[in-house]
>>> print(open('upload.csv').read())   # CSV, C-alpha atoms and all ligand atoms
chain,number,residue,atom,x,y,z
A,1213,MET,CA,-55.6,39.7,-28.9
A,1214,THR,CA,-55.9,36.4,-27.1
A,1215,GLN,CA,-54.6,36.5,-23.5
A,1216,PRO,CA,-52.3,33.8,-22.4
A,1217,VAL,CA,-53.7,31.3,-19.9
A,1218,ARG,CA,-52.1,31.6,-16.4
A,1219,SER,CA,-54.2,29.2,-14.3
A,1220,PHE,CA,-55.1,25.6,-14.4
A,1221,ALA,CA,-58.7,26.6,-13.4
A,1222,GLN,CA,-58.9,28.6,-16.6
A,1223,PHE,CA,-57.2,25.8,-18.7
A,1224,SER,CA,-59.4,23.0,-17.3
A,1225,ALA,CA,-62.6,24.9,-17.7
A,1226,HIS,CA,-62.3,24.0,-21.3
A,1227,GLU,CA,-62.2,20.2,-20.5
A,1228,ASP,CA,-65.6,18.7,-21.3
A,1229,ALA,CA,-67.7,17.3,-18.5
A,1230,LYS,CA,-67.0,13.7,-19.5
A,1231,THR,CA,-63.2,14.2,-19.0
A,1232,ARG,CA,-63.8,15.7,-15.6
A,1233,LEU,CA,-66.1,12.9,-14.5
A,1234,ARG,CA,-63.5,10.3,-15.7
A,1235,SER,CA,-60.7,11.9,-13.6
A,1236,LEU,CA,-63.0,12.0,-10.6
A,1237,ALA,CA,-63.9,8.4,-11.1
A,1238,ARG,CA,-60.3,7.4,-11.4
A,1239,ASP,CA,-59.4,9.3,-8.2
A,1240,LEU,CA,-62.1,7.4,-6.3
A,1241,ALA,CA,-60.9,4.1,-7.7
A,1242,ILE,CA,-57.4,4.8,-6.6
A,1243,ARG,CA,-58.5,5.6,-3.1
A,1244,ALA,CA,-60.4,2.3,-3.0
A,1245,LEU,CA,-57.4,0.4,-4.3
A,1246,LEU,CA,-55.1,1.9,-1.8
A,1247,LEU,CA,-57.2,0.5,1.0
A,1248,THR,CA,-56.5,-3.0,-0.2
A,1249,LYS,CA,-53.0,-2.5,-1.5
A,1250,ARG,CA,-50.4,-3.9,0.8
A,1251,PRO,CA,-47.6,-1.4,1.5
A,1252,GLY,CA,-44.9,-3.6,-0.1
A,1253,ARG,CA,-41.3,-3.2,0.8
A,1254,ALA,CA,-39.7,-0.3,-1.0
A,1255,ALA,CA,-38.2,-1.7,-4.2
A,1256,GLY,CA,-35.3,0.0,-5.8
A,1257,GLY,CA,-35.7,1.5,-9.2
A,1258,ILE,CA,-36.2,4.7,-11.2
A,1259,ARG,CA,-39.5,6.5,-11.6
A,1260,PHE,CA,-39.9,9.1,-14.3
A,1261,PRO,CA,-42.8,11.4,-13.3
A,1262,PHE,CA,-43.7,14.0,-15.9
A,1263,TRP,CA,-45.9,17.1,-16.2
A,1264,HIS,CA,-46.8,19.5,-19.0
A,1265,HIS,CA,-47.3,22.7,-17.0
A,1266,VAL,CA,-47.0,24.5,-13.8
A,1267,PHE,CA,-49.7,27.2,-13.9
A,1268,ASP,CA,-49.9,30.0,-11.3
A,1269,ASP,CA,-52.5,28.1,-9.2
A,1270,GLU,CA,-50.5,24.9,-9.4
A,1271,ARG,CA,-47.3,26.1,-7.7
A,1272,ALA,CA,-48.1,25.0,-4.2
A,1273,ASP,CA,-49.2,21.6,-5.3
A,1274,PHE,CA,-46.2,21.1,-7.5
A,1275,GLU,CA,-43.9,21.9,-4.6
A,1276,ARG,CA,-45.9,19.5,-2.4
A,1277,GLN,CA,-45.4,16.7,-4.9
A,1278,LEU,CA,-41.6,17.4,-5.2
A,1279,ARG,CA,-41.3,17.3,-1.4
A,1280,TRP,CA,-43.2,14.0,-1.3
A,1281,MET,CA,-40.7,12.6,-3.8
A,1282,LYS,CA,-37.8,14.0,-1.8
A,1283,ARG,CA,-39.0,12.1,1.2
A,1284,HIS,CA,-39.3,8.9,-0.8
A,1285,GLY,CA,-36.1,8.9,-2.9
A,1286,ASP,CA,-33.4,10.9,-4.6
A,1287,PHE,CA,-33.6,13.1,-7.7
A,1288,ILE,CA,-31.3,12.2,-10.6
A,1289,GLY,CA,-30.9,13.6,-14.2
A,1290,PHE,CA,-31.4,11.7,-17.5
A,1291,ASP,CA,-27.8,11.1,-18.2
A,1292,GLN,CA,-27.4,9.4,-14.8
A,1293,ALA,CA,-30.7,7.5,-15.1
A,1294,VAL,CA,-29.9,6.2,-18.6
A,1295,ALA,CA,-26.3,5.2,-17.5
A,1296,LEU,CA,-27.8,3.3,-14.6
A,1297,LEU,CA,-30.2,1.4,-16.8
A,1298,ALA,CA,-27.6,0.7,-19.5
A,1299,SER,CA,-25.1,-0.6,-16.9
A,1300,GLY,CA,-27.3,-3.6,-16.2
A,1301,ASP,CA,-26.4,-3.2,-12.5
A,1302,LYS,CA,-29.0,-3.8,-9.8
A,1303,ILE,CA,-30.6,-0.5,-8.8
A,1304,ASP,CA,-30.9,-0.4,-5.0
A,1305,GLY,CA,-31.8,3.2,-4.5
A,1306,ARG,CA,-35.2,4.8,-5.2
A,1307,TYR,CA,-34.8,7.5,-7.8
A,1308,PHE,CA,-37.0,10.2,-9.4
A,1309,CYS,CA,-36.0,11.5,-12.8
A,1310,LEU,CA,-38.3,14.4,-13.8
A,1311,SER,CA,-39.5,15.8,-17.1
A,1312,PHE,CA,-41.9,18.2,-18.8
A,1313,ASP,CA,-43.3,17.7,-22.2
A,1314,ASP,CA,-43.9,20.4,-24.8
A,1315,GLY,CA,-41.9,23.4,-23.5
A,1316,PHE,CA,-44.4,25.8,-21.9
A,1317,LYS,CA,-43.0,29.0,-20.5
A,1318,ASN,CA,-44.7,28.4,-17.1
A,1319,VAL,CA,-42.3,25.5,-16.6
A,1320,LEU,CA,-39.5,28.0,-16.4
A,1321,SER,CA,-41.3,30.9,-14.7
A,1322,ASN,CA,-43.2,28.8,-12.1
A,1323,GLY,CA,-41.5,25.4,-12.1
A,1324,ALA,CA,-37.8,26.3,-12.1
A,1325,PRO,CA,-37.8,28.3,-8.8
A,1326,ILE,CA,-39.6,25.4,-7.0
A,1327,LEU,CA,-37.3,22.7,-8.5
A,1328,ASP,CA,-34.4,24.9,-7.3
A,1329,ALA,CA,-35.9,25.2,-3.8
A,1330,VAL,CA,-36.1,21.4,-3.4
A,1331,GLY,CA,-32.8,20.7,-5.1
A,1332,ALA,CA,-34.2,18.9,-8.2
A,1333,LYS,CA,-33.3,19.1,-11.8
A,1334,ALA,CA,-35.6,18.3,-14.7
A,1335,MET,CA,-35.8,17.7,-18.4
A,1336,VAL,CA,-37.8,19.8,-20.8
A,1337,TYR,CA,-38.7,18.1,-24.1
A,1338,LEU,CA,-39.1,20.8,-26.7
A,1339,ALA,CA,-41.3,20.5,-29.8
A,1340,THR,CA,-38.8,22.8,-31.6
A,1341,GLY,CA,-41.3,24.1,-34.3
A,1342,TYR,CA,-43.3,25.8,-31.5
A,1343,VAL,CA,-40.4,27.4,-29.6
A,1344,GLY,CA,-41.3,31.0,-29.1
A,1345,GLU,CA,-44.6,30.6,-31.0
A,1346,SER,CA,-47.5,32.8,-29.9
A,1347,ASP,CA,-49.7,33.0,-33.0
A,1348,PRO,CA,-53.0,31.3,-31.9
A,1349,ALA,CA,-53.7,30.2,-35.5
A,1350,LYS,CA,-50.4,28.3,-35.6
A,1351,LEU,CA,-50.9,26.9,-32.1
A,1352,LYS,CA,-54.2,25.4,-33.1
A,1353,GLY,CA,-52.3,22.5,-34.6
A,1354,PHE,CA,-50.6,21.9,-31.3
A,1355,TYR,CA,-53.5,21.7,-28.8
A,1356,ASP,CA,-57.2,21.7,-29.2
A,1357,HIS,CA,-58.4,24.1,-26.6
A,1358,GLY,CA,-60.2,26.6,-28.8
A,1359,GLN,CA,-58.9,30.1,-28.3
A,1360,LEU,CA,-56.7,29.3,-25.3
A,1361,LEU,CA,-53.1,30.4,-25.7
A,1362,ILE,CA,-50.4,28.9,-23.6
A,1363,GLU,CA,-47.1,30.6,-23.9
A,1364,PHE,CA,-44.2,28.5,-25.1
A,1365,MET,CA,-40.6,29.0,-24.1
A,1366,ASP,CA,-38.5,30.8,-26.6
A,1367,TRP,CA,-34.8,30.0,-27.2
A,1368,SER,CA,-33.6,32.5,-24.5
A,1369,ASP,CA,-36.0,30.8,-22.0
A,1370,ALA,CA,-34.5,27.5,-22.9
A,1371,LYS,CA,-31.0,28.9,-22.3
A,1372,ALA,CA,-32.1,30.2,-18.9
A,1373,TRP,CA,-33.5,26.7,-18.1
A,1374,LEU,CA,-30.1,25.1,-19.0
A,1375,ALA,CA,-28.2,27.8,-17.1
A,1376,ALA,CA,-30.2,26.8,-14.0
A,1377,GLY,CA,-28.8,23.3,-14.4
A,1378,HIS,CA,-31.7,21.6,-16.2
A,1379,GLU,CA,-31.8,19.5,-19.4
A,1380,VAL,CA,-33.3,19.9,-22.8
A,1381,GLY,CA,-34.4,17.1,-25.1
A,1382,SER,CA,-36.4,16.6,-28.3
A,1383,HIS,CA,-40.1,16.2,-28.7
A,1384,THR,CA,-39.9,16.3,-32.5
A,1385,ARG,CA,-40.3,19.6,-34.4
A,1386,LYS,CA,-44.0,19.5,-35.1
A,1387,HIS,CA,-45.2,17.5,-32.1
A,1388,ALA,CA,-45.6,14.7,-34.7
A,1389,CYS,CA,-47.6,11.5,-34.2
A,1390,LEU,CA,-44.8,9.2,-35.4
A,1391,ALA,CA,-47.1,6.3,-36.1
A,1392,ALA,CA,-48.7,8.4,-38.8
A,1393,LEU,CA,-45.4,8.9,-40.6
A,1394,GLU,CA,-43.3,6.8,-43.0
A,1395,ALA,CA,-39.8,5.9,-41.7
A,1396,GLY,CA,-38.4,8.8,-43.8
A,1397,GLY,CA,-40.7,11.3,-42.1
A,1398,VAL,CA,-39.8,10.0,-38.6
A,1399,ARG,CA,-36.1,10.3,-39.5
A,1400,ALA,CA,-36.6,13.9,-40.6
A,1401,GLU,CA,-38.4,14.8,-37.3
A,1402,LEU,CA,-35.8,13.2,-35.2
A,1403,ALA,CA,-32.9,14.9,-37.1
A,1404,ALA,CA,-34.4,18.3,-37.5
A,1405,SER,CA,-35.5,18.8,-33.9
A,1406,LYS,CA,-32.1,17.6,-32.7
A,1407,ALA,CA,-30.3,20.0,-35.1
A,1408,ASP,CA,-32.6,22.9,-33.9
A,1409,ILE,CA,-31.7,22.3,-30.3
A,1410,GLU,CA,-28.0,21.8,-30.9
A,1411,ALA,CA,-27.8,24.9,-33.1
A,1412,ASN,CA,-29.8,27.2,-30.8
A,1413,LEU,CA,-28.5,26.0,-27.5
A,1414,GLY,CA,-25.0,24.7,-28.2
A,1415,ILE,CA,-25.6,21.4,-26.4
A,1416,ASP,CA,-25.7,17.8,-27.4
A,1417,CYS,CA,-29.3,16.7,-27.7
A,1418,ARG,CA,-29.2,13.1,-26.4
A,1419,HIS,CA,-32.8,12.4,-25.2
A,1420,PHE,CA,-36.0,12.0,-27.2
A,1421,CYS,CA,-39.7,11.9,-26.1
A,1422,ALA,CA,-42.4,10.6,-28.4
A,1423,PRO,CA,-45.4,13.0,-28.6
A,1424,PHE,CA,-48.6,11.5,-27.2
A,1425,GLY,CA,-46.5,8.5,-26.1
A,1426,VAL,CA,-48.5,5.3,-26.6
A,1427,ALA,CA,-46.9,2.4,-28.4
A,1428,GLY,CA,-48.9,1.1,-31.3
A,1429,THR,CA,-51.1,4.2,-31.3
A,1430,HIS,CA,-48.7,7.1,-31.5
A,1431,PHE,CA,-45.4,5.4,-32.3
A,1432,ASP,CA,-44.2,2.1,-33.7
A,1433,ARG,CA,-42.8,0.1,-30.8
A,1434,LEU,CA,-40.1,-1.7,-33.0
A,1435,ARG,CA,-39.3,1.0,-35.6
A,1436,ASP,CA,-39.2,4.3,-33.8
A,1437,PRO,CA,-36.9,3.6,-30.8
A,1438,ARG,CA,-34.5,2.1,-33.3
A,1439,LEU,CA,-34.7,5.2,-35.6
A,1440,ALA,CA,-34.0,7.4,-32.6
A,1441,ARG,CA,-30.9,5.4,-31.7
A,1442,ASP,CA,-29.7,5.6,-35.3
A,1443,ALA,CA,-30.2,9.4,-35.2
A,1444,GLY,CA,-27.8,9.6,-32.2
A,1445,TYR,CA,-30.2,9.7,-29.2
A,1446,GLU,CA,-29.5,7.8,-26.1
A,1447,SER,CA,-33.0,7.4,-24.8
A,1448,PHE,CA,-36.6,7.3,-26.0
A,1449,ALA,CA,-39.3,8.3,-23.5
A,1450,THR,CA,-42.9,7.1,-23.7
A,1451,GLY,CA,-46.2,7.8,-21.9
A,1452,HIS,CA,-46.4,4.2,-20.5
A,1453,ARG,CA,-46.5,4.1,-16.7
A,1454,GLY,CA,-44.2,2.0,-14.5
A,1455,ARG,CA,-41.1,1.6,-12.5
A,1456,MET,CA,-37.8,1.0,-14.3
A,1457,GLY,CA,-35.6,-1.6,-12.7
A,1458,GLN,CA,-32.4,-3.4,-13.5
A,1459,SER,CA,-31.7,-3.6,-17.2
A,1460,GLY,CA,-34.7,-1.5,-18.1
A,1461,ASP,CA,-34.6,-0.3,-21.7
A,1462,PRO,CA,-33.5,3.3,-22.1
A,1463,PHE,CA,-35.2,3.1,-25.5
A,1464,PHE,CA,-38.6,2.5,-23.9
A,1465,LEU,CA,-38.6,4.7,-20.8
A,1466,LEU,CA,-41.7,4.3,-18.7
A,1467,ARG,CA,-43.0,7.6,-17.3
A,1468,ASP,CA,-45.9,8.5,-15.0
A,1469,HIS,CA,-47.9,11.5,-16.0
A,1470,LEU,CA,-49.0,13.8,-13.2
A,1471,LEU,CA,-51.1,16.9,-12.8
A,1472,ALA,CA,-49.9,19.1,-9.9
A,1473,LYS,CA,-53.3,18.6,-8.2
A,1474,ALA,CA,-52.8,14.9,-7.9
A,1475,GLY,CA,-52.8,14.3,-4.1
A,1476,ASP,CA,-50.3,12.3,-2.1
A,1477,HIS,CA,-52.6,9.3,-2.3
A,1478,GLN,CA,-52.2,9.3,-6.0
A,1479,LEU,CA,-48.4,9.7,-5.8
A,1480,ARG,CA,-48.4,6.7,-3.5
A,1481,TYR,CA,-50.5,4.8,-5.9
A,1482,PHE,CA,-48.5,5.7,-9.1
A,1483,LEU,CA,-45.0,6.0,-7.7
A,1484,GLY,CA,-45.1,4.3,-4.3
A,1485,ASP,CA,-44.2,0.7,-5.0
B,1501,ZN,ZN,-46.4,16.6,-26.0
>>> encode(input="upload.csv", output="structure tokens")
Amino acid sequence: MTQPVRSFAQFSAHEDAKTRLRSLARDLAIRALLLTKRPGRAAGGIRFPFWHHVFDDERADFERQLRWMKRHGDFIGFDQAVALLASGDKIDGRYFCLSFDDGFKNVLSNGAPILDAVGAKAMVYLATGYVGESDPAKLKGFYDHGQLLIEFMDWSDAKAWLAAGHEVGSHTRKHACLAALEAGGVRAELAASKADIEANLGIDCRHFCAPFGVAGTHFDRLRDPRLARDAGYESFATGHRGRMGQSGDPFFLLRDHLLAKAGDHQLRYFLGD
């Protein structure tokens, strides 16, 4: 039987050398850029950092990142963030609105106690067709890491996550690349995943996150946010980086992807303006 992956070291050993070199090069480039970047005046706005996992060997770094954010702003939830954007009001404060894509179990087992310790809440976007899934053959369609098995939350985990004060949103049912689907297929993914969450958790599912997250490549910039709105969602999260300011579009949420190992210099670069 395949043993579940517990550490980032184990997980990233499967990255190819090219990927590792690229992230090293990017890290060096960021350090160089920070030398010349003027420390601008802190602008108000909302940042949406997101992660996929908190493996056992990522706990200390994840806590360091949350404490960095706590020193630089306030944590808010998605309902509050979306209401702020939709209000059109000027956003004076600096806010962090946190999320996790995919619904791995280590987000609950390792992430939740740390979020609790710093007083932050977070969203988990579930790909509902994989909730509780542990069959490596079926997981192959989800992530391409050979025989690696990462445990997914089951519905009782998702209930525990909600009971701790966190939020749950949709990440489609099959972790679908929306751009590859006709409008009818997108509508079906939007509706089915929302219905799964509402039936199993007894909540309103108001927030959606597009798998893979890049406009034009993984979803249709004009069509898919509109279909999400029609399906009853109140926000549409992407993988595009940036700060959301006054009148930012809740149906094109900019988010900053993070690995727990990203140092404070990277947080300053990605989240610090
Ligand atoms: Zn995903």
>>> closest_residue(input="upload.csv", among="A:His1387, A:His1419, A:Arg1453, A:Lys1473", to="ligand ZN 1501 (chain B)", atoms="all atoms listed in the file")
A:His1387
>>> atom_distance(input="upload.csv", atom1="atom CA of Tyr1337 of chain A", atom2="atom CA of Ala1422 of chain A")
9.4 Å
>>> residues_near_point(input="upload.csv", point="(-52.3, 12.4, -3.1)", cutoff="10 Å", atoms="only C-alpha atoms", output="ChimeraX atom specification")
/A:1239,1242-1243,1273,1276-1277,1280,1472-1482
>>> residues_around(input="upload.csv", residues="Arg1435 of chain A", least_positions_apart="2", cutoff="10 Å", atoms="only C-alpha atoms", output="NGL selection string")
:A and (1390-1391 or 1395 or 1398 or 1431-1433 or 1437-1440)
>>> residues_around(input="upload.csv", residues="Asp1416 of chain A", least_positions_apart="3", cutoff="12 Å", atoms="all atoms listed in the file", output="PyMOL selection string")
chain A and resi 1291+1374+1379-1382+1405-1413+1419-1420+1444-1446
>>> atom_distance(input="upload.csv", atom1="atom CA of Phe1262 of chain A", atom2="atom CA of Arg1467 of chain A")
6.6 Å
>>> residues_near_ligand(input="upload.csv", ligand="ligand ZN 1501 (chain B)", cutoff="7 Å", atoms="all atoms listed in the file", output="number ranges by chain")
A: 1313-1314, 1383, 1387, 1423-1424
>>> atom_distance(input="upload.csv", atom1="atom CA of Gly1457 of chain A", atom2="atom CA of Gly1331 of chain A")
23.7 Å
>>> closest_residue(input="upload.csv", among="A:Gly1353, A:Gly1397, A:Gly1315, A:Pro1348", to="Asp1366 of chain A", atoms="all atoms listed in the file")
A:Gly1315
>>> closest_residue(input="upload.csv", among="A:Met1456, A:Leu1236, A:Ala1449, A:Ile1415", to="Ala1375 of chain A", atoms="only C-alpha atoms")
A:Ile1415
>>> closest_residue(input="upload.csv", among="A:Ala1329, A:Ala1244, A:Leu1470, A:Ile1258", to="Arg1279 of chain A", atoms="only C-alpha atoms")
A:Ala1329
>>> residues_around(input="upload.csv", residues="Trp1373 of chain A", least_positions_apart="3", cutoff="12 Å", atoms="only C-alpha atoms", output="PyMOL selection string")
chain A and resi 1312+1315-1325+1327-1328+1333-1338+1365-1370+1376-1381+1413
>>> axis_aligned_box(input="upload.csv", around="segment 1350-1369 of chain A", padding_each_side="5 Å", output="lines of an AutoDock Vina configuration file")
center_x = -46.9
center_y = 27.1
center_z = -28.8
size_x = 36.6
size_y = 20.8
size_z = 23.6
>>> residues_around(input="upload.csv", residues="Ala1255 of chain A", least_positions_apart="5", cutoff="12 Å", atoms="only C-alpha atoms", output="list in words")
His1284, Gly1285, Lys1302, Ile1303, Asp1304, Gly1305, Arg1306, Tyr1307, Arg1455, Met1456, Gly1457, Gln1458, Leu1483, Gly1484 and Asp1485 of chain A
>>> write_last_selection(input="upload.csv", atoms="C-alpha atoms", output="mmCIF file, keeping the file's coordinate frame")
data_model
loop_
_atom_site.group_PDB
_atom_site.id
_atom_site.type_symbol
_atom_site.label_atom_id
_atom_site.label_comp_id
_atom_site.auth_asym_id
_atom_site.auth_seq_id
_atom_site.Cartn_x
_atom_site.Cartn_y
_atom_site.Cartn_z
ATOM 1 C CA HIS A 1284 -39.300 8.900 -0.800
ATOM 2 C CA GLY A 1285 -36.100 8.900 -2.900
ATOM 3 C CA LYS A 1302 -29.000 -3.800 -9.800
ATOM 4 C CA ILE A 1303 -30.600 -0.500 -8.800
ATOM 5 C CA ASP A 1304 -30.900 -0.400 -5.000
ATOM 6 C CA GLY A 1305 -31.800 3.200 -4.500
ATOM 7 C CA ARG A 1306 -35.200 4.800 -5.200
ATOM 8 C CA TYR A 1307 -34.800 7.500 -7.800
ATOM 9 C CA ARG A 1455 -41.100 1.600 -12.500
ATOM 10 C CA MET A 1456 -37.800 1.000 -14.300
ATOM 11 C CA GLY A 1457 -35.600 -1.600 -12.700
ATOM 12 C CA GLN A 1458 -32.400 -3.400 -13.500
ATOM 13 C CA LEU A 1483 -45.000 6.000 -7.700
ATOM 14 C CA GLY A 1484 -45.100 4.300 -4.300
ATOM 15 C CA ASP A 1485 -44.200 0.700 -5.000
#
>>> closest_residue(input="upload.csv", among="A:Ala1339, A:Leu1351, A:Ala1427, A:Leu1296", to="Asp1461 of chain A", atoms="only C-alpha atoms")
A:Leu1296
>>> closest_residue(input="upload.csv", among="A:Cys1309, A:Ala1392, A:Ala1349, A:Val1343", to="Glu1363 of chain A", atoms="only C-alpha atoms")
A:Val1343
